[in-house]
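Undergrad: target34.cif is reproduced in full below (mmCIF, C-alpha atoms).
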data_start
loop_
_atom_site.group_PDB
_atom_site.id
_atom_site.type_symbol
_atom_site.label_atom_id
_atom_site.label_comp_id
_atom_site.auth_asym_id
_atom_site.auth_seq_id
_atom_site.Cartn_x
_atom_site.Cartn_y
_atom_site.Cartn_z
ATOM 1 C CA MET A 1 -4.623 -36.412 -57.917
ATOM 2 C CA HIS A 2 -7.325 -36.693 -55.276
ATOM 3 C CA PHE A 3 -10.501 -34.606 -55.572
ATOM 4 C CA ALA A 4 -13.239 -34.269 -52.975
ATOM 5 C CA LEU A 5 -16.650 -33.516 -54.536
ATOM 6 C CA TYR A 6 -19.305 -31.572 -52.681
ATOM 7 C CA GLY A 7 -22.776 -30.392 -53.710
ATOM 8 C CA ARG A 8 -26.104 -29.600 -52.094
ATOM 9 C CA HIS A 9 -29.149 -29.358 -54.358
ATOM 10 C CA PHE A 10 -29.079 -30.049 -58.081
ATOM 11 C CA GLY A 11 -31.611 -29.268 -60.774
ATOM 12 C CA PRO A 12 -32.955 -31.880 -63.203
ATOM 13 C CA ASP A 13 -30.285 -31.092 -65.809
ATOM 14 C CA ALA A 14 -27.343 -31.592 -63.482
ATOM 15 C CA GLU A 15 -27.084 -35.403 -63.551
ATOM 16 C CA ASN A 16 -25.630 -35.640 -67.055
ATOM 17 C CA ARG A 17 -23.137 -32.893 -66.325
ATOM 18 C CA ILE A 18 -21.994 -34.574 -63.120
ATOM 19 C CA GLN A 19 -21.590 -37.875 -64.932
ATOM 20 C CA THR A 20 -19.470 -36.116 -67.572
ATOM 21 C CA LEU A 21 -17.196 -34.693 -64.881
ATOM 22 C CA LEU A 22 -16.855 -38.057 -63.151
ATOM 23 C CA ARG A 23 -16.015 -39.843 -66.401
ATOM 24 C CA HIS A 24 -13.446 -37.183 -67.232
ATOM 25 C CA LEU A 25 -11.761 -37.534 -63.851
ATOM 26 C CA SER A 26 -11.796 -41.318 -64.145
ATOM 27 C CA ASP A 27 -10.250 -41.179 -67.621
ATOM 28 C CA LYS A 28 -7.487 -38.967 -66.252
ATOM 29 C CA GLY A 29 -6.778 -41.396 -63.414
ATOM 30 C CA ALA A 30 -7.900 -39.067 -60.648
ATOM 31 C CA ARG A 31 -9.297 -40.281 -57.341
ATOM 32 C CA VAL A 32 -12.685 -38.980 -56.214
ATOM 33 C CA THR A 33 -14.220 -38.850 -52.738
ATOM 34 C CA PHE A 34 -17.761 -37.614 -52.170
ATOM 35 C CA CYS A 35 -18.164 -35.368 -49.126
ATOM 36 C CA GLN A 36 -21.545 -34.379 -47.713
ATOM 37 C CA ASP A 37 -21.334 -34.439 -43.915
ATOM 38 C CA PRO A 38 -19.506 -31.486 -42.288
ATOM 39 C CA ALA A 39 -19.042 -33.532 -39.126
ATOM 40 C CA ALA A 40 -17.134 -36.208 -41.046
ATOM 41 C CA GLY A 41 -14.601 -33.733 -42.406
ATOM 42 C CA VAL A 42 -12.458 -34.117 -45.508
ATOM 43 C CA PRO A 43 -9.728 -36.757 -45.993
ATOM 44 C CA GLU A 44 -6.298 -35.281 -45.293
ATOM 45 C CA ASP A 45 -4.805 -36.442 -48.608
ATOM 46 C CA VAL A 46 -7.342 -34.528 -50.759
ATOM 47 C CA ASP A 47 -5.577 -32.187 -53.186
ATOM 48 C CA ILE A 48 -8.584 -30.069 -54.231
ATOM 49 C CA PHE A 49 -12.056 -29.719 -52.748
ATOM 50 C CA LEU A 50 -14.435 -29.296 -55.676
ATOM 51 C CA SER A 51 -17.675 -27.416 -55.005
ATOM 52 C CA LEU A 52 -20.451 -28.277 -57.470
ATOM 53 C CA GLY A 53 -23.169 -25.640 -57.267
ATOM 54 C CA GLY A 54 -23.575 -21.895 -56.973
ATOM 55 C CA ASP A 55 -22.093 -19.344 -54.626
ATOM 56 C CA GLY A 56 -24.098 -20.704 -51.687
ATOM 57 C CA THR A 57 -22.513 -24.120 -52.123
ATOM 58 C CA PHE A 58 -19.062 -22.551 -52.413
ATOM 59 C CA LEU A 59 -19.624 -20.599 -49.191
ATOM 60 C CA ASN A 60 -20.792 -23.749 -47.447
ATOM 61 C CA SER A 61 -17.535 -25.439 -48.472
ATOM 62 C CA LEU A 62 -15.871 -23.463 -45.681
ATOM 63 C CA THR A 63 -17.800 -25.510 -43.112
ATOM 64 C CA MET A 64 -16.350 -28.650 -44.709
ATOM 65 C CA VAL A 65 -12.660 -27.802 -45.234
ATOM 66 C CA ARG A 66 -12.430 -25.464 -42.211
ATOM 67 C CA ASP A 67 -8.780 -24.775 -41.317
ATOM 68 C CA SER A 68 -7.354 -27.766 -43.222
ATOM 69 C CA GLY A 69 -5.752 -25.589 -45.910
ATOM 70 C CA ILE A 70 -7.202 -27.772 -48.696
ATOM 71 C CA PRO A 71 -7.799 -25.532 -51.755
ATOM 72 C CA VAL A 72 -11.401 -25.046 -52.867
ATOM 73 C CA ALA A 73 -12.483 -24.698 -56.495
ATOM 74 C CA GLY A 74 -16.011 -24.263 -57.815
ATOM 75 C CA ILE A 75 -17.936 -25.375 -60.884
ATOM 76 C CA ASN A 76 -21.170 -23.442 -61.240
ATOM 77 C CA PHE A 77 -24.410 -25.407 -61.248
ATOM 78 C CA GLY A 78 -26.398 -22.434 -59.961
ATOM 79 C CA ARG A 79 -27.416 -18.995 -61.219
ATOM 80 C CA LEU A 80 -24.638 -16.445 -60.715
ATOM 81 C CA GLY A 81 -21.640 -18.469 -59.607
ATOM 82 C CA PHE A 82 -19.416 -15.439 -59.047
ATOM 83 C CA LEU A 83 -17.047 -17.387 -56.787
ATOM 84 C CA THR A 84 -16.773 -20.395 -59.083
ATOM 85 C CA SER A 85 -14.099 -21.162 -61.683
ATOM 86 C CA ALA A 86 -16.310 -22.626 -64.420
ATOM 87 C CA GLY A 87 -19.614 -21.129 -65.579
ATOM 88 C CA SER A 88 -23.005 -22.813 -65.754
ATOM 89 C CA GLY A 89 -22.694 -23.220 -69.529
ATOM 90 C CA ASP A 90 -19.273 -24.875 -69.251
ATOM 91 C CA SER A 91 -18.878 -28.624 -68.734
ATOM 92 C CA GLY A 92 -16.033 -27.908 -66.324
ATOM 93 C CA CYS A 93 -13.671 -30.422 -67.969
ATOM 94 C CA ALA A 94 -11.291 -27.734 -69.229
ATOM 95 C CA VAL A 95 -10.980 -26.321 -65.712
ATOM 96 C CA LEU A 96 -10.354 -29.809 -64.331
ATOM 97 C CA ASP A 97 -7.584 -30.316 -66.893
ATOM 98 C CA ARG A 98 -5.849 -27.152 -65.715
ATOM 99 C CA MET A 99 -6.000 -28.404 -62.146
ATOM 100 C CA LEU A 100 -4.692 -31.829 -63.138
ATOM 101 C CA GLU A 101 -1.830 -30.170 -65.013
ATOM 102 C CA GLY A 102 -1.025 -27.954 -62.051
ATOM 103 C CA SER A 103 -1.780 -24.815 -64.076
ATOM 104 C CA TYR A 104 -3.280 -22.876 -61.196
ATOM 105 C CA SER A 105 -2.290 -20.978 -58.094
ATOM 106 C CA VAL A 106 -3.727 -20.928 -54.597
ATOM 107 C CA GLU A 107 -5.005 -17.682 -53.110
ATOM 108 C CA LYS A 108 -5.511 -17.150 -49.407
ATOM 109 C CA ARG A 109 -8.858 -15.462 -48.779
ATOM 110 C CA THR A 110 -9.374 -13.614 -45.506
ATOM 111 C CA LEU A 111 -12.129 -14.914 -43.241
ATOM 112 C CA LEU A 112 -14.213 -13.199 -40.576
ATOM 113 C CA GLU A 113 -14.606 -14.591 -37.076
ATOM 114 C CA VAL A 114 -17.658 -13.493 -35.106
ATOM 115 C CA SER A 115 -18.040 -13.944 -31.369
ATOM 116 C CA TYR A 116 -21.167 -13.645 -29.248
ATOM 117 C CA GLY A 117 -21.903 -15.187 -25.905
ATOM 118 C CA GLY A 118 -25.054 -17.048 -26.899
ATOM 119 C CA PHE A 119 -24.338 -19.039 -30.055
ATOM 120 C CA PRO A 120 -26.043 -22.441 -30.142
ATOM 121 C CA GLU A 121 -23.881 -25.530 -30.178
ATOM 122 C CA GLY A 122 -22.617 -26.345 -33.652
ATOM 123 C CA PHE A 123 -22.877 -22.838 -35.108
ATOM 124 C CA TYR A 124 -19.746 -22.228 -37.211
ATOM 125 C CA PRO A 125 -18.655 -18.651 -36.430
ATOM 126 C CA TYR A 126 -16.561 -17.959 -39.550
ATOM 127 C CA ALA A 127 -17.494 -16.312 -42.835
ATOM 128 C CA LEU A 128 -15.879 -15.792 -46.231
ATOM 129 C CA ASN A 129 -18.203 -13.073 -47.556
ATOM 130 C CA GLU A 130 -19.767 -11.225 -44.676
ATOM 131 C CA VAL A 131 -21.276 -11.118 -41.225
ATOM 132 C CA ALA A 132 -24.733 -9.503 -41.318
ATOM 133 C CA ILE A 133 -26.559 -8.285 -38.223
ATOM 134 C CA GLN A 134 -30.113 -7.116 -38.851
ATOM 135 C CA ARG A 135 -33.514 -6.438 -37.377
ATOM 136 C CA GLY A 136 -35.781 -9.364 -36.574
ATOM 137 C CA ASP A 137 -39.052 -7.463 -37.094
ATOM 138 C CA PRO A 138 -40.260 -4.408 -39.076
ATOM 139 C CA ASN A 139 -38.887 -1.880 -36.556
ATOM 140 C CA MET A 140 -35.764 0.104 -37.375
ATOM 141 C CA ILE A 141 -32.856 -0.435 -34.989
ATOM 142 C CA GLY A 142 -30.015 1.664 -33.639
ATOM 143 C CA ILE A 143 -26.584 0.223 -34.313
ATOM 144 C CA GLU A 144 -23.638 1.313 -32.219
ATOM 145 C CA VAL A 145 -20.234 0.484 -33.670
ATOM 146 C CA ARG A 146 -16.759 0.653 -32.175
ATOM 147 C CA ILE A 147 -13.681 0.095 -34.329
ATOM 148 C CA ASP A 148 -10.615 -0.761 -32.255
ATOM 149 C CA GLY A 149 -12.401 0.819 -29.310
ATOM 150 C CA MET A 150 -13.267 4.058 -31.117
ATOM 151 C CA SER A 151 -16.980 4.823 -31.442
ATOM 152 C CA ILE A 152 -18.490 6.041 -34.698
ATOM 153 C CA PRO A 153 -21.915 7.735 -35.033
ATOM 154 C CA THR A 154 -24.887 5.453 -34.432
ATOM 155 C CA TYR A 155 -26.495 3.981 -37.528
ATOM 156 C CA TRP A 156 -30.281 3.951 -37.718
ATOM 157 C CA ALA A 157 -30.981 1.251 -40.235
ATOM 158 C CA ASP A 158 -32.291 -2.246 -40.934
ATOM 159 C CA GLY A 159 -28.932 -3.695 -39.997
ATOM 160 C CA LEU A 160 -25.191 -3.715 -40.611
ATOM 161 C CA LEU A 161 -22.870 -5.725 -42.859
ATOM 162 C CA ILE A 162 -19.211 -6.360 -42.208
ATOM 163 C CA ALA A 163 -17.719 -7.765 -45.403
ATOM 164 C CA THR A 164 -14.327 -9.016 -46.494
ATOM 165 C CA ALA A 165 -12.788 -7.944 -49.802
ATOM 166 C CA THR A 166 -14.085 -11.243 -51.225
ATOM 167 C CA GLY A 167 -17.578 -10.349 -49.996
ATOM 168 C CA SER A 168 -17.483 -6.840 -51.473
ATOM 169 C CA THR A 169 -19.223 -8.166 -54.597
ATOM 170 C CA ALA A 170 -21.946 -9.932 -52.604
ATOM 171 C CA TYR A 171 -24.522 -8.598 -50.115
ATOM 172 C CA SER A 172 -22.562 -5.407 -49.408
ATOM 173 C CA LEU A 173 -22.670 -4.434 -53.087
ATOM 174 C CA SER A 174 -26.476 -4.455 -53.070
ATOM 175 C CA PHE A 175 -26.421 -1.745 -50.354
ATOM 176 C CA GLY A 176 -24.023 0.509 -52.240
ATOM 177 C CA GLY A 177 -20.755 -0.835 -50.875
ATOM 178 C CA PRO A 178 -17.547 -0.531 -52.937
ATOM 179 C CA VAL A 179 -15.938 -3.308 -54.962
ATOM 180 C CA ALA A 180 -12.564 -4.451 -53.601
ATOM 181 C CA VAL A 181 -10.034 -6.737 -55.273
ATOM 182 C CA PRO A 182 -10.100 -10.014 -53.279
ATOM 183 C CA ASP A 183 -6.520 -9.750 -52.004
ATOM 184 C CA SER A 184 -7.125 -6.279 -50.521
ATOM 185 C CA SER A 185 -6.459 -6.227 -46.772
ATOM 186 C CA VAL A 186 -9.686 -4.467 -45.827
ATOM 187 C CA PHE A 187 -13.079 -4.912 -44.212
ATOM 188 C CA ILE A 188 -16.113 -3.018 -45.451
ATOM 189 C CA VAL A 189 -18.682 -1.769 -42.936
ATOM 190 C CA THR A 190 -21.965 -1.202 -44.785
ATOM 191 C CA PRO A 191 -25.270 -0.083 -43.226
ATOM 192 C CA MET A 192 -28.382 -1.799 -44.546
ATOM 193 C CA ALA A 193 -31.040 0.687 -45.725
ATOM 194 C CA PRO A 194 -29.899 3.487 -43.375
ATOM 195 C CA HIS A 195 -32.332 6.235 -42.432
ATOM 196 C CA ASN A 196 -29.595 8.873 -42.676
ATOM 197 C CA LEU A 197 -28.821 10.755 -45.901
ATOM 198 C CA ASN A 198 -25.201 11.336 -44.883
ATOM 199 C CA VAL A 199 -24.270 7.732 -44.104
ATOM 200 C CA ARG A 200 -21.761 5.930 -46.322
ATOM 201 C CA PRO A 201 -20.010 2.540 -46.234
ATOM 202 C CA LEU A 202 -16.698 2.604 -44.382
ATOM 203 C CA ILE A 203 -13.472 0.814 -45.326
ATOM 204 C CA VAL A 204 -11.199 -0.207 -42.444
ATOM 205 C CA PRO A 205 -8.016 -2.308 -42.222
ATOM 206 C CA ASP A 206 -8.627 -6.023 -41.784
ATOM 207 C CA THR A 207 -6.555 -5.861 -38.604
ATOM 208 C CA SER A 208 -9.436 -3.992 -36.951
ATOM 209 C CA GLU A 209 -11.674 -5.465 -34.276
ATOM 210 C CA ILE A 210 -15.249 -4.320 -34.756
ATOM 211 C CA GLU A 211 -17.754 -4.306 -31.896
ATOM 212 C CA VAL A 212 -21.454 -3.965 -32.614
ATOM 213 C CA VAL A 213 -24.329 -3.371 -30.205
ATOM 214 C CA LEU A 214 -27.899 -3.384 -31.514
ATOM 215 C CA ARG A 215 -30.366 -1.160 -29.707
ATOM 216 C CA THR A 216 -33.542 -3.130 -30.334
ATOM 217 C CA GLY A 217 -35.610 -2.300 -27.245
ATOM 218 C CA GLY A 218 -35.316 -5.877 -26.001
ATOM 219 C CA ARG A 219 -36.358 -7.470 -29.280
ATOM 220 C CA ARG A 220 -34.293 -10.213 -30.861
ATOM 221 C CA ALA A 221 -32.266 -9.743 -34.029
ATOM 222 C CA LEU A 222 -30.756 -11.996 -36.699
ATOM 223 C CA LEU A 223 -27.057 -12.650 -37.197
ATOM 224 C CA SER A 224 -25.765 -14.337 -40.352
ATOM 225 C CA ALA A 225 -22.308 -15.679 -41.126
ATOM 226 C CA ASP A 226 -22.467 -16.074 -44.918
ATOM 227 C CA ASN A 227 -25.530 -18.294 -45.446
ATOM 228 C CA ARG A 228 -25.887 -19.545 -41.855
ATOM 229 C CA SER A 229 -28.155 -17.599 -39.498
ATOM 230 C CA VAL A 230 -29.002 -17.538 -35.817
ATOM 231 C CA ASP A 231 -31.166 -15.381 -33.548
ATOM 232 C CA VAL A 232 -29.321 -13.060 -31.162
ATOM 233 C CA ASP A 233 -30.400 -10.814 -28.299
ATOM 234 C CA GLY A 234 -30.297 -7.077 -28.752
ATOM 235 C CA ASP A 235 -28.198 -4.870 -26.451
ATOM 236 C CA ARG A 236 -25.372 -7.423 -26.310
ATOM 237 C CA VAL A 237 -21.894 -6.968 -27.787
ATOM 238 C CA ILE A 238 -21.067 -8.806 -31.014
ATOM 239 C CA ARG A 239 -17.375 -8.825 -31.987
ATOM 240 C CA VAL A 240 -16.032 -9.357 -35.493
ATOM 241 C CA ARG A 241 -12.371 -9.701 -36.394
ATOM 242 C CA LYS A 242 -10.033 -11.393 -38.871
ATOM 243 C CA ALA A 243 -9.929 -15.143 -38.379
ATOM 244 C CA GLY A 244 -6.701 -16.867 -37.443
ATOM 245 C CA PHE A 245 -6.718 -18.896 -40.662
ATOM 246 C CA ALA A 246 -7.636 -18.265 -44.289
ATOM 247 C CA LEU A 247 -9.575 -20.157 -46.949
ATOM 248 C CA SER A 248 -7.385 -21.498 -49.747
ATOM 249 C CA CYS A 249 -8.996 -20.949 -53.155
ATOM 250 C CA VAL A 250 -7.906 -22.214 -56.560
ATOM 251 C CA SER A 251 -7.123 -19.275 -58.847
ATOM 252 C CA PHE A 252 -6.342 -18.971 -62.541
ATOM 253 C CA GLY A 253 -4.988 -15.434 -62.372
ATOM 254 C CA ARG A 254 -6.003 -12.042 -61.034
ATOM 255 C CA ASP A 255 -7.589 -11.111 -64.358
ATOM 256 C CA SER A 256 -10.277 -13.745 -63.721
ATOM 257 C CA PHE A 257 -11.770 -11.452 -61.053
ATOM 258 C CA PHE A 258 -12.161 -8.551 -63.476
ATOM 259 C CA GLN A 259 -13.486 -10.943 -66.107
ATOM 260 C CA ALA A 260 -16.108 -12.152 -63.616
ATOM 261 C CA LEU A 261 -17.109 -8.539 -62.877
ATOM 262 C CA HIS A 262 -17.681 -7.993 -66.585
ATOM 263 C CA GLU A 263 -19.364 -11.297 -67.450
ATOM 264 C CA LYS A 264 -21.369 -12.022 -64.304
ATOM 265 C CA LEU A 265 -22.109 -8.580 -62.859
ATOM 266 C CA LEU A 266 -22.216 -6.846 -66.276
ATOM 267 C CA TRP A 267 -19.571 -4.296 -65.255
ATOM 268 C CA GLY A 268 -19.476 -1.450 -67.771
ATOM 269 C CA GLU A 269 -22.370 -2.748 -69.840
ATOM 270 C CA ASP A 270 -23.881 0.225 -71.682
ATOM 271 C CA ARG A 271 -25.603 0.045 -75.046
ATOM 272 C CA ARG A 272 -24.558 3.610 -75.777
ATOM 273 C CA ASN A 273 -20.915 2.619 -75.427
ATOM 274 C CA ASP A 274 -21.442 -0.462 -77.605
ATOM 275 C CA ARG A 275 -22.989 1.625 -80.379
ATOM 276 C CA GLY A 276 -20.249 4.206 -80.043
ATOM 277 C CA CYS A 277 -17.513 1.618 -80.354
ATOM 278 C CA SER A 278 -19.210 -0.005 -83.323
ATOM 279 C CA SER A 279 -19.577 3.303 -85.159
ATOM 280 C CA LEU A 280 -15.926 4.190 -84.562
ATOM 281 C CA MET A 281 -14.785 0.792 -85.801
ATOM 282 C CA LYS A 282 -16.794 1.241 -89.003
ATOM 283 C CA LYS A 283 -15.043 4.557 -89.673
#
Kindly transcribe the structure held in the file into structure tokens.
TA:
Amino acid sequence: MHFALYGRHFGPDAENRIQTLLRHLSDKGARVTFCQDPAAGVPEDVDIFLSLGGDGTFLNSLTMVRDSGIPVAGINFGRLGFLTSAGSGDSGCAVLDRMLEGSYSVEKRTLLEVSYGGFPEGFYPYALNEVAIQRGDPNMIGIEVRIDGMSIPTYWADGLLIATATGSTAYSLSFGGPVAVPDSSVFIVTPMAPHNLNVRPLIVPDTSEIEVVLRTGGRRALLSADNRSVDVDGDRVIRVRKAGFALSCVSFGRDSFFQALHEKLLWGEDRRNDRGCSSLMKK
């Protein structure tokens, strides 16, 4: 089996863990290729692209594998690691064994494609989590949105997020957006710090084309595709739609998503419930 290994920045404790992973792969007879340069691409015969790092590294893997269809798996060397398969306290060897045994499936994760007339050369206009469009200075902005040509009321806010179901647990969540199971066929439109009491996130089909115009009074704004950002001009149309290809991700079952919600985002954590359960068990 051929693995491509990719990482960005490692802490002082990472070297031993990486060496352990490399020895384990060598002992199992696996081939390993190190990939660092997006321009160089990934060898076509790679079976799994292994992201070593946190969620930022996993997101950046998209710029490496692009539309190749090579499945991506993650081993967490960062803080949260919600998108990764193995946690920061896990050596990762058990997860590698499951991959080597073929005990995994491949999920297709929807991607966003963003278009704007003034992107600089080399900007990769695809995102796994979200496209964020936000103010470039302290002034609030007006955000006009059309969904499949239909206008919705103008948002007055710091910005706007358009997230995939995968990205529902990322930036959108911090602004009150809903959690969606990753294989849901939806986009989530979430205003960032809106100055309207009656504004709520909006769920739309992922077949929708979303057009956004920022009313900034001539000031520039910031557009981000996952963790890559670029300045954009206000008063120009930005279009977001479903990409023509998906990101292949290694999966160990749908229950792993709910387990990650519980373990990494502390879903349902409540000391009152813990005490209540304990007291009932004692009875």
Undergrad: Give me the residues within 9 Å of region 2-5 of chain A as a list in words, counting only C-alpha atoms and dropping any in the same chain fewer than 3 places off.
TA: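 Surrounding residues, per the criterion: Leu25, Ala30, Arg31, Val32, Thr33, Phe34, Cys35, Gln36, Val42, Pro43, Asp45, Val46, Asp47, Ile48, Phe49, Leu50, Ser51 and Leu52 of chain A.
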Undergrad: Could I get the residues of region 188-272 of chain A with an atom no further than 10 Å from an atom of region 152-172 of chain A, each paired with its nearest atom pair and that distance in Å to one decimal, using only C-alpha atoms, sorted by chain and residue number, as JSON lines?
TA:
{"residue": "A:Ile188", "atom": "CA", "partner": "A:Ala163", "partner_atom": "CA", "distance": 5.0}
{"residue": "A:Val189", "atom": "CA", "partner": "A:Ile162", "partner_atom": "CA", "distance": 4.7}
{"residue": "A:Thr190", "atom": "CA", "partner": "A:Leu161", "partner_atom": "CA", "distance": 5.0}
{"residue": "A:Pro191", "atom": "CA", "partner": "A:Leu160", "partner_atom": "CA", "distance": 4.5}
{"residue": "A:Met192", "atom": "CA", "partner": "A:Gly159", "partner_atom": "CA", "distance": 5.0}
{"residue": "A:Ala193", "atom": "CA", "partner": "A:Ala157", "partner_atom": "CA", "distance": 5.5}
{"residue": "A:Pro194", "atom": "CA", "partner": "A:Ala157", "partner_atom": "CA", "distance": 4.0}
{"residue": "A:His195", "atom": "CA", "partner": "A:Ala157", "partner_atom": "CA", "distance": 5.6}
{"residue": "A:Asn196", "atom": "CA", "partner": "A:Trp156", "partner_atom": "CA", "distance": 7.0}
{"residue": "A:Val199", "atom": "CA", "partner": "A:Tyr155", "partner_atom": "CA", "distance": 7.9}
{"residue": "A:Pro201", "atom": "CA", "partner": "A:Ser172", "partner_atom": "CA", "distance": 8.9}
{"residue": "A:Leu202", "atom": "CA", "partner": "A:Ile162", "partner_atom": "CA", "distance": 9.6}
{"residue": "A:Ile203", "atom": "CA", "partner": "A:Ala163", "partner_atom": "CA", "distance": 9.6}
{"residue": "A:Asp206", "atom": "CA", "partner": "A:Thr164", "partner_atom": "CA", "distance": 8.0}
{"residue": "A:Ile210", "atom": "CA", "partner": "A:Ile162", "partner_atom": "CA", "distance": 8.7}
{"residue": "A:Val212", "atom": "CA", "partner": "A:Leu160", "partner_atom": "CA", "distance": 8.8}
{"residue": "A:Val213", "atom": "CA", "partner": "A:Thr154", "partner_atom": "CA", "distance": 9.8}
{"residue": "A:Leu214", "atom": "CA", "partner": "A:Gly159", "partner_atom": "CA", "distance": 8.6}
{"residue": "A:Arg215", "atom": "CA", "partner": "A:Trp156", "partner_atom": "CA", "distance": 9.5}
{"residue": "A:Ala221", "atom": "CA", "partner": "A:Gly159", "partner_atom": "CA", "distance": 9.1}
{"residue": "A:Leu222", "atom": "CA", "partner": "A:Gly159", "partner_atom": "CA", "distance": 9.1}
{"residue": "A:Leu223", "atom": "CA", "partner": "A:Gly159", "partner_atom": "CA", "distance": 9.6}
{"residue": "A:Ser224", "atom": "CA", "partner": "A:Leu161", "partner_atom": "CA", "distance": 9.4}
{"residue": "A:Ala225", "atom": "CA", "partner": "A:Ile162", "partner_atom": "CA", "distance": 9.9}
{"residue": "A:Asp226", "atom": "CA", "partner": "A:Gly167", "partner_atom": "CA", "distance": 9.1}
{"residue": "A:Val240", "atom": "CA", "partner": "A:Ile162", "partner_atom": "CA", "distance": 8.0}
{"residue": "A:Arg241", "atom": "CA", "partner": "A:Ile162", "partner_atom": "CA", "distance": 9.6}
{"residue": "A:Lys242", "atom": "CA", "partner": "A:Thr164", "partner_atom": "CA", "distance": 9.1}
{"residue": "A:Leu261", "atom": "CA", "partner": "A:Thr169", "partner_atom": "CA", "distance": 8.6}
{"residue": "A:Leu265", "atom": "CA", "partner": "A:Thr169", "partner_atom": "CA", "distance": 8.8}
Undergrad: Looking at all atoms listed in the file, which of A:Leu197, A:Leu96, A:Leu247, A:Val131 is the one that sits closest to Leu22 (chain A)?
TA: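 So, comparing all the options, the nearest one is A:Leu96.
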Undergrad: List as a PyMOL selection string the protein and nucleic acid residues near Val72 (chain A), meaning an atom at most 12 Å away when all atoms listed in the file are counted, but skip any in the same chain fewer than 2 places from it.
TA: chain A and resi 3-6+42+46-52+57-70+74-75+83-85+99+104-109+246-251
Undergrad: Just checking: using only C-alpha atoms, which residue out of A:Val204, A:Cys93, A:Ile143, A:Leu112 ends up closest to Asp235 (chain A)?
TA: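 Looking at the shortest contact to Asp235 (chain A), the residue is A:Ile143.
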Undergrad: Please, what distance in Å, to one decimal, runs between CA of Glu211 (chain A) and CA of Pro182 (chain A)?
TA: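 Result for CA of Glu211 (chain A) versus CA of Pro182 (chain A): 23.4 Å, one decimal.
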Undergrad: Calculate how many Å separate CA of Pro38 (chain A) from CA of Gly7 (chain A), rounding to one decimal.
TA: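 Value for the CA of Pro38 (chain A)-CA of Gly7 (chain A) distance: 11.9 Å.
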